[in-house]
Amino acid sequence: MDLLQPGVLFQLAVGGLLAGALYALLACGLNLVFGVMRVINLAHAELMMIGAFIAWLAWRYAGLHPLLALPLAMLLLYGLGLVLQRLLIERIVEREELTSLLVTYGLSIILVNLGLLVFSADFRAVPTLQGAFYLEGLDLVISKPRAVAGAVSVVLTLAVYAFLRYSRTGKAIRGVSEHPEVAMICGIDVARIRGITFGLAAAMAGAAGVMLSTIYSFSPDTGADFILKCFAVMIIGGMGNFLGALLGGLLLGLAEALVGGVLSTQWAEAVAYLLLVLIVRPTGLLGQADAL
Amino acid sequence: MNRIFLRILLAGLIAAGALLAATTAAAADIQVGASVALSGKYSRTGQEQLNGYALWVDEVNARHGLLGRPVRLVHYDDESKPDTGAKLYEKLITNDQVDLLLGPYSSGVALAASTTAERHSFPMVAPGAASSDIWERGYKNVFGLYTPAEVYMDPILELAKAKGLSRVALIYADTAFPRSVAKGVKDKVAALGMSLVFEEDYGKASTDFAAMIVKLKARAPQVLIGGSYLPDSTAFVRQAKEYRLNPEIMAFAVGPGLPDFGTNLGADAEGVMGNTQWEPTLKLPGAREFATRYAQRFGHAPGYHAAGGYGAGQVLEAAVIKAGSLDKDALRQALAGLDITTIFGRYRVDATGLQVGKPGYAIQWIGGERHIVLPEENASHALVYPFRPWQDR
């Protein structure tokens, strides 16, 4: 089999891990919101698309490189996240999970259609980081936009992780996640913490969108492909577990690439899903059987 | 006395009215019926096709109409829905009693609407449909205009054969139209005695080709054919560049035919080939003039949907003149035997009404622009061959 040479598999693995880092960045935000508020945000991928369109607008009308647009998009989405939290999400936090599905699904429909109205269904791209790095000795090709997106994703995800672990606000977020009532009794402004959490998640989605704009052609509809991957990552990594989502994202990317390379791209997602979730760890990698 | 006078006056008026009605009926308009999507997912392309119809109607009337009678377009909006389309054609035939029929937009709607036309034995000229299953049902009243999907890639594969290439790789999206393109490619590759070294389909949403390209490279294809739309073909080309996949010919069914392909890929579009049903630059009688008149009237350049609409009108016009009447049987015979070249290209159908006269036009991105390169007699630019390897760009 010409396809099972170590060189080919190594190439597939590297490409898969880089794609997986982007899934991880997106899914970590989703998982963070779920962990803190028990809200499943179906509009998460639409927040990502807003990030992608900010990158496109910045590049198209101001000639701004996506890496410079990155902090701008994150800031804008943090603000949008705060507003959304205040207007919508805060009202449904204590409700049953179906309510959050309905509200965020509605939000997703509104955002997609606003996007279609403003930007039309045409596909856009931000062709800035072009080409690839060629490591001749290893016979390895690493796509430039994917390498940059992968690196940015890993750095951002770990930075957010460190923030959650070591900063005072991060500790408060974890406190609210573990036990909102106790956190409130301890003097934590729970509503404010939820706002920060949602803003942070939106900013991470926005960053993923900016990086996505350098890799793929996208339209306002593109989010739909990614929200499904996000759920796969969440389930693989364990619902509500931040590091689990990071690992899950990397693994999903890796499995997709290897299955796509050895079998067929049509099978990639299905096999990755079956193999990782149902057979290896039905409860998720870092999840517990009784967590939900 | 006075009352009698009034009665006579009234009777006279009624008689005059009846006479007037009779004369209007004698010189009545020829009604051309069509239902085209003006809302829903095909609204943009449907509107262009309708514009093509409307422009043809205006110009026919400026030329004193058909058979000396003025032509009027009766049209409805099928909302891009096949079942609505079928109902509206029923209405056009039985309720409005139109004299002639033009087709709806999209293969799906045409598939449904053509059944209605067939049931009433009403000949219909159908642009806006390229899927050949419309003509595989033994119908006698549906006459196509578009190059069928199966022969899209024929000129490009013939070119490859002439250049001595044999290793063909085929990738395609897992939906109806790309599947038809792929079927045609497989048949043509076998007919030309070339070898298919790689074949794989992918889900429509899939835009990550890295794994596929790594596999493809191992098979070293000389010709890469994609049954692809815009987002997947642009994603593929970008990743082919990254992985330095260097076939001698790289061609995709839909993507490269659209301006956004060049906008999104920039210089990387150079040399990529594709298909088009029609371009204003095609060397066809009247094509350029049509494009100018269309742009003046509607304020934007015509796409191939508009040209197809206008061309369908021309075909109908030629058939009516040939038949010399609006009789359905005479019209059907005329349409079946007609061989003309409209602004949209040659029209000649086989016994099932499938378009066989119009070739697939191949385009290539050269110097940041789309040019027709095949067949040579319609070319607007010489072909650039072979595909320049990525590392030399």
# chains A, B, ... in the order shown; residues from 1 in each chain; ligands from 1

$ residues_around --residues "B:Ala351" --least-positions-apart "3" --cutoff "8 Å" --atoms "only C-alpha atoms" --output "ChimeraX atom specification"
/B:140,336,354

$ residues_around --residues "A:Glu178" --least-positions-apart "5" --cutoff "10 Å" --atoms "only C-alpha atoms" --output "PyMOL selection string"
chain A and resi 35-37+172-173+183

$ write_last_selection --atoms "N, CA and C atoms" --output "compact mmCIF listing (two decimals), in the first residue's frame"
# COMPACT_ATOMS: atom_id res chain seq x y z
N GLY A 35 -19.81 24.69 30.75
CA GLY A 35 -19.32 24.36 32.09
C GLY A 35 -19.80 25.35 33.13
N VAL A 36 -19.79 26.65 32.80
CA VAL A 36 -20.12 27.68 33.77
C VAL A 36 -21.62 27.89 33.89
N MET A 37 -22.33 27.81 32.75
CA MET A 37 -23.75 28.18 32.78
C MET A 37 -24.70 27.05 32.46
N ALA A 172 -12.65 32.69 40.06
CA ALA A 172 -14.07 32.96 40.29
C ALA A 172 -14.92 32.25 39.25
N ILE A 173 -14.45 32.25 38.00
CA ILE A 173 -15.19 31.56 36.94
C ILE A 173 -15.31 30.08 37.28
N ALA A 183 -20.59 30.07 45.33
CA ALA A 183 -19.80 31.18 44.81
C ALA A 183 -20.45 32.50 45.18

$ closest_residue --among "B:Ala220, B:Ala169, B:Leu326, B:Val142" --to "B:Thr115" --atoms "only C-alpha atoms"
B:Val142

$ select_by_dssp --residues "stretch 219-393 of chain B" --states "alpha helix (DSSP H)" --output "count of residues only"
63

$ residues_around --residues "A:Ala132" --least-positions-apart "3" --cutoff "12 Å" --atoms "only C-alpha atoms" --output "PyMOL selection string"
(chain A and resi 15+129+135-136+140-148+215) or (chain B and resi 238-244+390-391)

$ interface_residues --of "chain A" --to "chain B" --cutoff "7 Å" --atoms "only C-alpha atoms" --output "PDB file with C-alpha atoms, in the first residue's frame"
ATOM      1  CA  ASP A   2       1.516   3.238  -1.184  1.00  0.00           C
ATOM      2  CA  LEU A   3      -0.608   5.138   1.333  1.00  0.00           C
ATOM      3  CA  VAL A   8       2.563   9.774   4.230  1.00  0.00           C
ATOM      4  CA  LEU A  12      -1.389  13.307   7.429  1.00  0.00           C
ATOM      5  CA  GLY A  15      -2.004  18.312   8.918  1.00  0.00           C
ATOM      6  CA  PHE A 123     -17.958  32.814  -0.755  1.00  0.00           C
ATOM      7  CA  ARG A 124     -15.166  35.059   0.528  1.00  0.00           C
ATOM      8  CA  ALA A 125     -11.557  34.396   1.313  1.00  0.00           C
ATOM      9  CA  PRO A 127      -5.760  35.176   0.649  1.00  0.00           C
ATOM     10  CA  GLY A 131       1.920  28.764   0.430  1.00  0.00           C
ATOM     11  CA  ALA A 132       3.662  26.381   2.756  1.00  0.00           C
ATOM     12  CA  VAL A 141       4.868  20.065   3.878  1.00  0.00           C
ATOM     13  CA  SER A 143       0.689  24.826   5.017  1.00  0.00           C
ATOM     14  CA  TYR A 216     -11.077  28.348   3.976  1.00  0.00           C
ATOM     15  CA  SER A 217     -13.484  30.083   1.623  1.00  0.00           C
ATOM     16  CA  ASP A 225     -20.202  22.684   9.395  1.00  0.00           C
ATOM     17  CA  ALA A 257      -6.932  13.268   8.612  1.00  0.00           C
ATOM     18  CA  GLY A 260      -9.560  10.545   5.307  1.00  0.00           C
ATOM     19  CA  GLY A 261      -6.092   9.639   4.109  1.00  0.00           C
ATOM     20  CA  THR A 265     -12.853  11.695   3.332  1.00  0.00           C
ATOM     21  CA  GLN A 266     -16.515  10.664   3.277  1.00  0.00           C
TER      22      GLN A 266
END

$ atom_distance --atom1 "atom CA of B:Trp365" --atom2 "atom CA of B:Gly255"
11.3 Å

$ select_by_dssp --residues "stretch 57-240 of chain A" --states "strand (DSSP E)" --output "ChimeraX atom specification"
/A:132-135,140-143

$ write_last_selection --atoms "C-alpha atoms" --output "PDB file, in the first residue's frame"
ATOM      1  CA  ALA A 132       3.662  26.381   2.756  1.00  0.00           C
ATOM      2  CA  PHE A 133       6.849  25.573   4.641  1.00  0.00           C
ATOM      3  CA  TYR A 134       8.800  22.742   3.030  1.00  0.00           C
ATOM      4  CA  LEU A 135      10.931  20.664   5.385  1.00  0.00           C
ATOM      5  CA  LEU A 140       7.127  17.268   5.073  1.00  0.00           C
ATOM      6  CA  VAL A 141       4.868  20.065   3.878  1.00  0.00           C
ATOM      7  CA  ILE A 142       3.257  22.413   6.385  1.00  0.00           C
ATOM      8  CA  SER A 143       0.689  24.826   5.017  1.00  0.00           C
TER       9      SER A 143
END

$ atom_distance --atom1 "atom CA of B:Val272" --atom2 "atom CA of B:Val384"
9.5 Å

$ residues_around --residues "stretch 123-126 of chain B" --least-positions-apart "5" --cutoff "8 Å" --atoms "only C-alpha atoms" --output "list in words"
Leu100, Leu101, Leu102, Gly103, Pro104, Ala110, Ser114, Ala117, Glu118, Lys140, Asn141, Val142, Phe143, Gly144, Leu145, Ala312, Val315, Leu316, Lys328, Leu331 and Arg332 of chain B

$ residues_around --residues "A:Val93" --least-positions-apart "2" --cutoff "8 Å" --atoms "only C-alpha atoms" --output "VMD selection string"
chain A and resid 37 to 39 89 to 91 95 100

$ atom_distance --atom1 "atom CA of A:Gly7" --atom2 "atom CA of A:Asp139"
7.2 Å

$ residues_around --residues "stretch 159-162 of chain A" --least-positions-apart "6" --cutoff "12 Å" --atoms "only C-alpha atoms" --output "PyMOL selection string"
chain A and resi 25+28-29+32+152-153+168-171+173-174+197+200-201+203-204+241-246

$ write_last_selection --atoms "N, CA and C atoms" --output "JSON list (two decimals), in the first residue's frame"
[["chain", "number", "residue", "atom", "x", "y", "z"],
["A", 25, "LEU", "N", -9.79, 25.42, 19.62],
["A", 25, "LEU", "CA", -9.98, 26.81, 20.03],
["A", 25, "LEU", "C", -11.48, 27.15, 20.05],
["A", 28, "CYS", "N", -13.38, 24.93, 22.86],
["A", 28, "CYS", "CA", -13.07, 25.28, 24.25],
["A", 28, "CYS", "C", -14.00, 26.37, 24.75],
["A", 29, "GLY", "N", -14.27, 27.36, 23.88],
["A", 29, "GLY", "CA", -15.19, 28.43, 24.27],
["A", 29, "GLY", "C", -16.59, 27.89, 24.54],
["A", 32, "LEU", "N", -16.56, 26.02, 27.73],
["A", 32, "LEU", "CA", -16.44, 26.92, 28.88],
["A", 32, "LEU", "C", -17.82, 27.45, 29.26],
["A", 152, "VAL", "N", -1.55, 29.89, 16.70],
["A", 152, "VAL", "CA", -2.38, 30.89, 17.39],
["A", 152, "VAL", "C", -3.42, 30.19, 18.27],
["A", 153, "SER", "N", -4.02, 29.12, 17.72],
["A", 153, "SER", "CA", -5.06, 28.41, 18.47],
["A", 153, "SER", "C", -4.51, 27.82, 19.76],
["A", 168, "ARG", "N", -7.35, 35.67, 39.50],
["A", 168, "ARG", "CA", -8.42, 35.77, 40.47],
["A", 168, "ARG", "C", -9.79, 35.61, 39.81],
["A", 169, "THR", "N", -9.95, 36.34, 38.66],
["A", 169, "THR", "CA", -11.22, 36.21, 37.93],
["A", 169, "THR", "C", -11.41, 34.78, 37.44],
["A", 170, "GLY", "N", -10.31, 34.17, 36.95],
["A", 170, "GLY", "CA", -10.39, 32.80, 36.46],
["A", 170, "GLY", "C", -10.85, 31.86, 37.55],
["A", 171, "LYS", "N", -10.31, 32.09, 38.75],
["A", 171, "LYS", "CA", -10.72, 31.24, 39.87],
["A", 171, "LYS", "C", -12.20, 31.44, 40.17],
["A", 173, "ILE", "N", -14.45, 32.25, 38.00],
["A", 173, "ILE", "CA", -15.19, 31.56, 36.94],
["A", 173, "ILE", "C", -15.31, 30.08, 37.28],
["A", 174, "ARG", "N", -14.20, 29.51, 37.74],
["A", 174, "ARG", "CA", -14.24, 28.08, 38.08],
["A", 174, "ARG", "C", -15.15, 27.84, 39.28],
["A", 197, "THR", "N", -17.36, 35.30, 31.22],
["A", 197, "THR", "CA", -17.20, 33.98, 30.60],
["A", 197, "THR", "C", -17.72, 33.95, 29.18],
["A", 200, "LEU", "N", -15.52, 35.97, 26.93],
["A", 200, "LEU", "CA", -14.28, 35.24, 26.66],
["A", 200, "LEU", "C", -14.51, 34.18, 25.59],
["A", 201, "ALA", "N", -15.60, 33.44, 25.75],
["A", 201, "ALA", "CA", -15.92, 32.39, 24.78],
["A", 201, "ALA", "C", -16.16, 33.00, 23.40],
["A", 203, "ALA", "N", -14.93, 35.79, 22.29],
["A", 203, "ALA", "CA", -13.64, 36.26, 21.77],
["A", 203, "ALA", "C", -12.84, 35.09, 21.19],
["A", 204, "MET", "N", -12.89, 33.93, 21.86],
["A", 204, "MET", "CA", -12.19, 32.75, 21.34],
["A", 204, "MET", "C", -12.80, 32.32, 20.01],
["A", 241, "ASN", "N", -15.57, 20.23, 30.09],
["A", 241, "ASN", "CA", -14.17, 20.15, 30.52],
["A", 241, "ASN", "C", -13.27, 20.88, 29.53],
["A", 242, "PHE", "N", -12.61, 21.94, 30.02],
["A", 242, "PHE", "CA", -11.84, 22.82, 29.14],
["A", 242, "PHE", "C", -10.68, 22.08, 28.48],
["A", 243, "LEU", "N", -9.83, 21.45, 29.28],
["A", 243, "LEU", "CA", -8.68, 20.74, 28.72],
["A", 243, "LEU", "C", -9.12, 19.57, 27.86],
["A", 244, "GLY", "N", -10.25, 18.95, 28.26],
["A", 244, "GLY", "CA", -10.81, 17.85, 27.48],
["A", 244, "GLY", "C", -11.13, 18.30, 26.06],
["A", 245, "ALA", "N", -11.67, 19.54, 25.93],
["A", 245, "ALA", "CA", -12.00, 20.05, 24.61],
["A", 245, "ALA", "C", -10.75, 20.28, 23.78],
["A", 246, "LEU", "N", -9.68, 20.74, 24.45],
["A", 246, "LEU", "CA", -8.41, 20.94, 23.73],
["A", 246, "LEU", "C", -7.91, 19.60, 23.17]]

$ closest_residue --among "B:Thr94, B:Gln47, B:Gln31, B:Ser80" --to "B:Phe298" --atoms "only C-alpha atoms"
B:Gln47

$ residues_around --residues "B:Thr276" --least-positions-apart "4" --cutoff "12 Å" --atoms "only C-alpha atoms" --output "CSV table (one decimal) with C-alpha atoms, in the first residue's frame"
chain,number,residue,atom,x,y,z
B,130,ALA,CA,-28.4,20.4,-17.5
B,146,TYR,CA,-27.7,23.5,-22.0
B,147,THR,CA,-24.7,21.2,-22.6
B,148,PRO,CA,-25.5,18.1,-20.5
B,149,ALA,CA,-23.3,17.5,-17.4
B,151,VAL,CA,-20.1,16.0,-21.7
B,152,TYR,CA,-18.8,19.0,-19.7
B,153,MET,CA,-15.3,17.7,-19.5
B,155,PRO,CA,-13.1,18.8,-24.7
B,251,ALA,CA,-9.9,21.4,-14.2
B,252,PHE,CA,-13.1,21.9,-12.2
B,253,ALA,CA,-16.7,21.8,-13.3
B,254,VAL,CA,-18.3,24.9,-11.8
B,255,GLY,CA,-15.9,27.0,-9.7
B,256,PRO,CA,-13.5,28.4,-12.3
B,257,GLY,CA,-16.4,29.6,-14.4
B,258,LEU,CA,-17.3,32.1,-11.8
B,259,PRO,CA,-15.6,35.5,-11.2
B,280,PRO,CA,-20.1,37.1,-23.8
B,281,THR,CA,-16.7,36.7,-25.3
B,282,LEU,CA,-17.7,33.4,-27.1
B,303,GLY,CA,-24.5,35.6,-17.0
B,304,TYR,CA,-25.1,32.4,-18.9
B,305,HIS,CA,-28.6,32.0,-17.4
B,307,ALA,CA,-28.1,34.1,-22.5
B,308,GLY,CA,-29.8,30.7,-22.1
B,344,PHE,CA,-26.2,30.8,-26.7
B,345,GLY,CA,-24.6,28.2,-29.1
B,358,LYS,CA,-23.9,22.4,-28.0
B,359,PRO,CA,-20.3,21.5,-27.1
B,360,GLY,CA,-18.8,21.9,-23.6
B,361,TYR,CA,-16.9,25.2,-23.6
B,362,ALA,CA,-13.7,25.0,-21.7
B,363,ILE,CA,-12.3,28.1,-20.0
B,364,GLN,CA,-9.0,28.9,-18.4
B,370,ARG,CA,-11.4,33.9,-17.7
B,371,HIS,CA,-10.9,33.0,-21.4
B,372,ILE,CA,-12.6,30.5,-23.6
B,373,VAL,CA,-9.8,28.1,-24.8
B,374,LEU,CA,-11.7,25.1,-26.2
B,375,PRO,CA,-13.1,24.3,-28.7

$ closest_residue --among "A:Leu107, A:Leu84, A:Ala149, A:Ala24" --to "A:Ile236" --atoms "only C-alpha atoms"
A:Ala24
